[in-house]
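Have a look at the structure below, then the notes.
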Amino acid sequence: MRRGSSEDTLDSDLAEGVTALQAIFQRRKLPFELGRSEPAVVESLKKALRIPPRYRAFLLEADPREVESVCPIERVKLLAAAELLEEQRGFALDAAGAARTDHSPDGWRRSWIIIGRSTLLGDPYFFDVAKPDAEGDCPVYTAMSGRDRWEATLCASSFAQFVRILAITMEIAQGYGDAIMDDDDEAAFREALGAKIKPLDPAALRAGHWS
């Protein structure tokens, strides 16, 4: 895996997160496939969706063709580059088939770009590309489906942090095996997870999605 500062390579923070995620998939013997997107595909996504530079580098170097994190409280499937445009279409139109505005009646915003899904609940995970940071990244949010309005909850302060948090959830889950959790087990899992997330991304922990 190359590292560098140019747009077509993973920077060290994201590379470390991807390496950690890959390692825990291998230890848990779960399906996991990363590939490389064609530059022309990523360029078209840049124009259509305004995806940030760090995420573009991720797709070029580590396109998540089969990546679904597994832990007792959530399962997150990252979308491959080939799935991104199609995934946005269900959120690009309102119930009448008209184009959504920045603040559509159900609260979905045009700056929200879906990059993953909860395979437990169907909830989207998405960037807000209206909030770029100095590293060429954006915060990652989720929102509960099936409600009258979409209410965004912070999951990670950046995509690099999000990848690392997914790896952490799987690392902690490894100690719980496949048994069905009771309430006490889930509380213990969330407490252990919170202790790991706090030094990494305190804002994400305060938002409450993982705790």
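Chain labels follow the order of the structure tokens: the first chain is A, the next B, and so on; residue numbering restarts at 1 in every chain, and ligands are counted from 1 in their shown order.
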Which of range 95-207 of chain A counts as strand (DSSP E or B) under DSSP, as a list in words please?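 Reading the DSSP output for range 95-207 of chain A, strand (DSSP E or B) covers Ala99, Trp112, Ile113, Ile114, Ile115, Gly116, Arg117, Ser118, Pro124, Tyr125, Phe126, Phe127, Asp128, Val140, Tyr141, Thr142, Thr153, Leu154, Cys155 and Ala156 of chain A.
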Determine, counting only C-alpha atoms, which protein, DNA and RNA residues have an atom within 6 Å of an atom of range 179-194 of chain A; residues of the same chain fewer than 3 positions away are not included. Present the result as a list in words. Ile197, Lys198 and Ser211 of chain A
Just-selected residues, C-alpha atoms written as a PDB file, in the first residue's frame:
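Output file part-v8.pdb is given in full below:
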```
ATOM      1  CA  ILE A 197     -13.122   5.839  20.753  1.00  0.00           C
ATOM      2  CA  LYS A 198     -12.698   8.611  23.340  1.00  0.00           C
ATOM      3  CA  SER A 211     -22.333   4.681  23.142  1.00  0.00           C
TER       4      SER A 211
END
```
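Nearest-residue note for Cys138 in chain A: choosing from A:Leu121, A:Ala20, A:Ala57, A:Ala156, the minimum distance belongs to A:Ala156, counting only C-alpha atoms.
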Kindly indicate which residue among A:Ala134, A:Ala40, A:Val163, A:Ala15 lies nearest to Leu78 in chain A, using only C-alpha atoms for the distances.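 For Leu78 in chain A, the nearest of the given residues is A:Val163.
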Selection near Arg36 in chain A, 8 Å with only C-alpha atoms, sequence-local residues under 2 positions removed, as a list in words: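 Selected residues are Leu34, Glu38, Leu59, Leu60, Glu61, Ala62 and Asp63 of chain A.
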Selected residues, C-alpha atoms, written as a PDB file, in the first residue's frame, please.
```pdb
ATOM      1  CA  LEU A  34     -10.273  -4.157  -1.540  1.00  0.00           C
ATOM      2  CA  GLU A  38     -10.201   3.409 -12.350  1.00  0.00           C
ATOM      3  CA  LEU A  59     -11.336   4.589  -3.793  1.00  0.00           C
ATOM      4  CA  LEU A  60      -8.283   4.678  -6.040  1.00  0.00           C
ATOM      5  CA  GLU A  61      -6.171   2.593  -3.669  1.00  0.00           C
ATOM      6  CA  ALA A  62      -8.635   0.577  -1.577  1.00  0.00           C
ATOM      7  CA  ASP A  63     -12.070   0.472  -3.232  1.00  0.00           C
TER       8      ASP A  63
END
```
Spatial neighbours of Met170 in chain A, 12 Å, only C-alpha atoms, chain gap at least 4 places, as a ChimeraX atom specification: /A:20-30,68-76,163-166,174-177,189,192-193,196
For a test of reading the model, state the distance in Å between CA of Arg109 in chain A and CA of Phe91 in chain A, rounded to one decimal.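 Computing it gives 8.8 Å between the two atoms.
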Among range 6-184 of chain A, which residues does DSSP mark as alpha helix (DSSP H) when it is run on the backbone? Keep the chain and numbering as in the structure and answer as a PyMOL selection string. chain A and resi 12-28+39-49+53-62+81-92+159-173+183-184
Write to file, as a PDB file, in the first residue's frame, the residues of the selection just made, with C-alpha atoms.
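The resulting part-v4.pdb:
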```pdb
ATOM      1  CA  SER A  12      -0.592   7.846   6.631  1.00  0.00           C
ATOM      2  CA  ASP A  13      -3.682   8.325   8.830  1.00  0.00           C
ATOM      3  CA  LEU A  14      -6.039   6.675   6.372  1.00  0.00           C
ATOM      4  CA  ALA A  15      -3.500   4.005   5.415  1.00  0.00           C
ATOM      5  CA  GLU A  16      -3.154   3.007   9.066  1.00  0.00           C
ATOM      6  CA  GLY A  17      -6.921   2.741   9.399  1.00  0.00           C
ATOM      7  CA  VAL A  18      -7.242   0.597   6.281  1.00  0.00           C
ATOM      8  CA  THR A  19      -4.399  -1.652   7.462  1.00  0.00           C
ATOM      9  CA  ALA A  20      -6.064  -2.072  10.872  1.00  0.00           C
ATOM     10  CA  LEU A  21      -9.405  -2.881   9.253  1.00  0.00           C
ATOM     11  CA  GLN A  22      -7.857  -5.414   6.900  1.00  0.00           C
ATOM     12  CA  ALA A  23      -5.942  -7.062   9.757  1.00  0.00           C
ATOM     13  CA  ILE A  24      -9.028  -7.597  11.928  1.00  0.00           C
ATOM     14  CA  PHE A  25     -10.983  -9.039   8.994  1.00  0.00           C
ATOM     15  CA  GLN A  26      -8.150 -11.499   8.455  1.00  0.00           C
ATOM     16  CA  ARG A  27      -7.971 -12.433  12.152  1.00  0.00           C
ATOM     17  CA  ARG A  28     -11.715 -13.011  12.273  1.00  0.00           C
ATOM     18  CA  PRO A  39      -9.121   7.066 -12.219  1.00  0.00           C
ATOM     19  CA  ALA A  40     -11.827   7.981 -14.753  1.00  0.00           C
ATOM     20  CA  VAL A  41     -14.508   6.490 -12.481  1.00  0.00           C
ATOM     21  CA  VAL A  42     -13.257   8.411  -9.464  1.00  0.00           C
ATOM     22  CA  GLU A  43     -13.031  11.612 -11.496  1.00  0.00           C
ATOM     23  CA  SER A  44     -16.659  11.210 -12.557  1.00  0.00           C
ATOM     24  CA  LEU A  45     -17.661  10.719  -8.909  1.00  0.00           C
ATOM     25  CA  LYS A  46     -15.724  13.828  -7.972  1.00  0.00           C
ATOM     26  CA  LYS A  47     -17.738  15.851 -10.471  1.00  0.00           C
ATOM     27  CA  ALA A  48     -21.100  14.286  -9.711  1.00  0.00           C
ATOM     28  CA  LEU A  49     -20.912  14.022  -5.925  1.00  0.00           C
ATOM     29  CA  PRO A  53      -9.809  14.232  -1.842  1.00  0.00           C
ATOM     30  CA  ARG A  54      -9.029  11.762   0.950  1.00  0.00           C
ATOM     31  CA  TYR A  55     -12.014   9.605   0.014  1.00  0.00           C
ATOM     32  CA  ARG A  56     -11.049   9.764  -3.663  1.00  0.00           C
ATOM     33  CA  ALA A  57      -7.609   8.454  -2.721  1.00  0.00           C
ATOM     34  CA  PHE A  58      -9.294   5.679  -0.766  1.00  0.00           C
ATOM     35  CA  LEU A  59     -11.336   4.589  -3.793  1.00  0.00           C
ATOM     36  CA  LEU A  60      -8.283   4.678  -6.040  1.00  0.00           C
ATOM     37  CA  GLU A  61      -6.171   2.593  -3.669  1.00  0.00           C
ATOM     38  CA  ALA A  62      -8.635   0.577  -1.577  1.00  0.00           C
ATOM     39  CA  ALA A  81     -17.146   3.074  -6.175  1.00  0.00           C
ATOM     40  CA  ALA A  82     -19.428   1.352  -8.690  1.00  0.00           C
ATOM     41  CA  GLU A  83     -22.364   1.553  -6.232  1.00  0.00           C
ATOM     42  CA  LEU A  84     -22.104   5.170  -5.143  1.00  0.00           C
ATOM     43  CA  LEU A  85     -24.100   6.941  -7.844  1.00  0.00           C
ATOM     44  CA  GLU A  86     -26.945   4.431  -7.782  1.00  0.00           C
ATOM     45  CA  GLU A  87     -27.147   4.658  -3.995  1.00  0.00           C
ATOM     46  CA  GLN A  88     -27.687   8.414  -4.146  1.00  0.00           C
ATOM     47  CA  ARG A  89     -30.629   8.198  -6.546  1.00  0.00           C
ATOM     48  CA  GLY A  90     -33.192   7.178  -3.973  1.00  0.00           C
ATOM     49  CA  PHE A  91     -32.329  10.289  -2.001  1.00  0.00           C
ATOM     50  CA  ALA A  92     -32.034  12.671  -4.947  1.00  0.00           C
ATOM     51  CA  PHE A 159     -13.535   9.356   7.008  1.00  0.00           C
ATOM     52  CA  ALA A 160     -10.084   8.347   8.262  1.00  0.00           C
ATOM     53  CA  GLN A 161     -11.471   8.260  11.807  1.00  0.00           C
ATOM     54  CA  PHE A 162     -14.521   6.331  10.614  1.00  0.00           C
ATOM     55  CA  VAL A 163     -12.392   3.554   9.117  1.00  0.00           C
ATOM     56  CA  ARG A 164     -10.409   3.312  12.342  1.00  0.00           C
ATOM     57  CA  ILE A 165     -13.597   3.186  14.433  1.00  0.00           C
ATOM     58  CA  LEU A 166     -14.960   0.341  12.304  1.00  0.00           C
ATOM     59  CA  ALA A 167     -11.736  -1.570  12.945  1.00  0.00           C
ATOM     60  CA  ILE A 168     -12.068  -0.910  16.690  1.00  0.00           C
ATOM     61  CA  THR A 169     -15.661  -2.172  16.787  1.00  0.00           C
ATOM     62  CA  MET A 170     -14.544  -5.419  15.189  1.00  0.00           C
ATOM     63  CA  GLU A 171     -11.516  -5.776  17.457  1.00  0.00           C
ATOM     64  CA  ILE A 172     -13.667  -5.470  20.586  1.00  0.00           C
ATOM     65  CA  ALA A 173     -16.346  -7.741  19.135  1.00  0.00           C
ATOM     66  CA  ASP A 183     -28.522  -6.157  27.929  1.00  0.00           C
ATOM     67  CA  ASP A 184     -25.580  -6.418  30.328  1.00  0.00           C
TER      68      ASP A 184
END
```
Pick out the closest residue to Met144 in chain A from this set: A:Ile115, A:His209, A:Ala80, A:Lys131. Count only C-alpha atoms. A:His209
A:Val67, A:Ile114, A:Leu205, A:Ile51: which is nearest Pro132 in chain A, counting only C-alpha atoms?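 With only C-alpha atoms as the atom set, the closest residue is A:Ile51.
Distances here use only C-alpha atoms; by that measure, the residue among A:Glu66, A:Glu33, A:Asp201, A:Asp106 closest to Cys155 in chain A is A:Asp201.
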Near Ala130 in chain A, within 12 Å and counting only C-alpha atoms, which residues show up once chain neighbours fewer than 2 positions away are dropped, as a VMD selection string? chain A and resid 49 to 52 102 109 to 113 126 to 128 132 to 133 136 to 140
Same residues, N, CA and C atoms, saved as a short mmCIF file (atom, residue, chain, number, x, y, z; two decimals), in the first residue's frame:
```cif
data_model
loop_
_atom_site.label_atom_id
_atom_site.label_comp_id
_atom_site.auth_asym_id
_atom_site.auth_seq_id
_atom_site.Cartn_x
_atom_site.Cartn_y
_atom_site.Cartn_z
N LEU A 49 -20.56 14.07 -7.35
CA LEU A 49 -20.91 14.02 -5.92
C LEU A 49 -20.05 14.91 -5.05
N ARG A 50 -19.03 15.51 -5.60
CA ARG A 50 -18.10 16.36 -4.85
C ARG A 50 -17.44 15.62 -3.68
N ILE A 51 -17.13 14.33 -3.89
CA ILE A 51 -16.48 13.56 -2.83
C ILE A 51 -15.11 14.15 -2.55
N PRO A 52 -14.69 14.16 -1.27
CA PRO A 52 -13.46 14.86 -0.88
C PRO A 52 -12.20 14.11 -1.32
N ASP A 102 -31.78 21.90 -0.99
CA ASP A 102 -30.80 21.70 0.07
C ASP A 102 -31.45 21.31 1.39
N ARG A 109 -30.31 16.43 2.81
CA ARG A 109 -29.62 17.54 2.17
C ARG A 109 -28.82 17.08 0.96
N ARG A 110 -28.69 17.93 -0.01
CA ARG A 110 -27.95 17.59 -1.22
C ARG A 110 -26.47 17.40 -0.93
N SER A 111 -25.98 17.96 0.15
CA SER A 111 -24.55 17.81 0.50
C SER A 111 -24.28 16.50 1.23
N TRP A 112 -25.32 15.71 1.50
CA TRP A 112 -25.12 14.42 2.16
C TRP A 112 -24.91 13.33 1.10
N ILE A 113 -23.75 12.70 1.14
CA ILE A 113 -23.37 11.70 0.14
C ILE A 113 -23.19 10.36 0.84
N PHE A 126 -23.11 8.59 5.77
CA PHE A 126 -22.88 9.55 4.70
C PHE A 126 -21.93 10.68 5.13
N PHE A 127 -21.28 11.25 4.12
CA PHE A 127 -20.51 12.48 4.29
C PHE A 127 -21.45 13.68 4.30
N ASP A 128 -21.00 14.76 4.91
CA ASP A 128 -21.54 16.08 4.59
C ASP A 128 -20.44 16.83 3.88
N PRO A 132 -15.96 20.41 4.58
CA PRO A 132 -14.62 19.87 4.37
C PRO A 132 -13.66 20.33 5.45
N ASP A 133 -12.63 19.53 5.72
CA ASP A 133 -11.62 19.94 6.69
C ASP A 133 -10.28 20.19 5.99
N GLY A 136 -8.58 17.50 3.65
CA GLY A 136 -9.26 17.00 2.45
C GLY A 136 -10.23 15.89 2.76
N ASP A 137 -10.86 15.99 3.91
CA ASP A 137 -11.77 14.96 4.39
C ASP A 137 -13.07 15.62 4.83
N CYS A 138 -14.05 14.82 5.23
CA CYS A 138 -15.34 15.33 5.71
C CYS A 138 -15.82 14.46 6.86
N PRO A 139 -16.66 15.00 7.74
CA PRO A 139 -17.25 14.17 8.79
C PRO A 139 -18.22 13.15 8.22
N VAL A 140 -18.39 12.06 8.97
CA VAL A 140 -19.31 10.99 8.59
C VAL A 140 -20.46 10.95 9.58
#
```
So how many Å separate CA of Ala143 in chain A and CA of Thr119 in chain A, to one decimal? 13.6 Å
Tell me, in Å to one decimal, how far CA of Arg65 in chain A is from CA of Ser118 in chain A.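 A separation of 15.9 Å between them.
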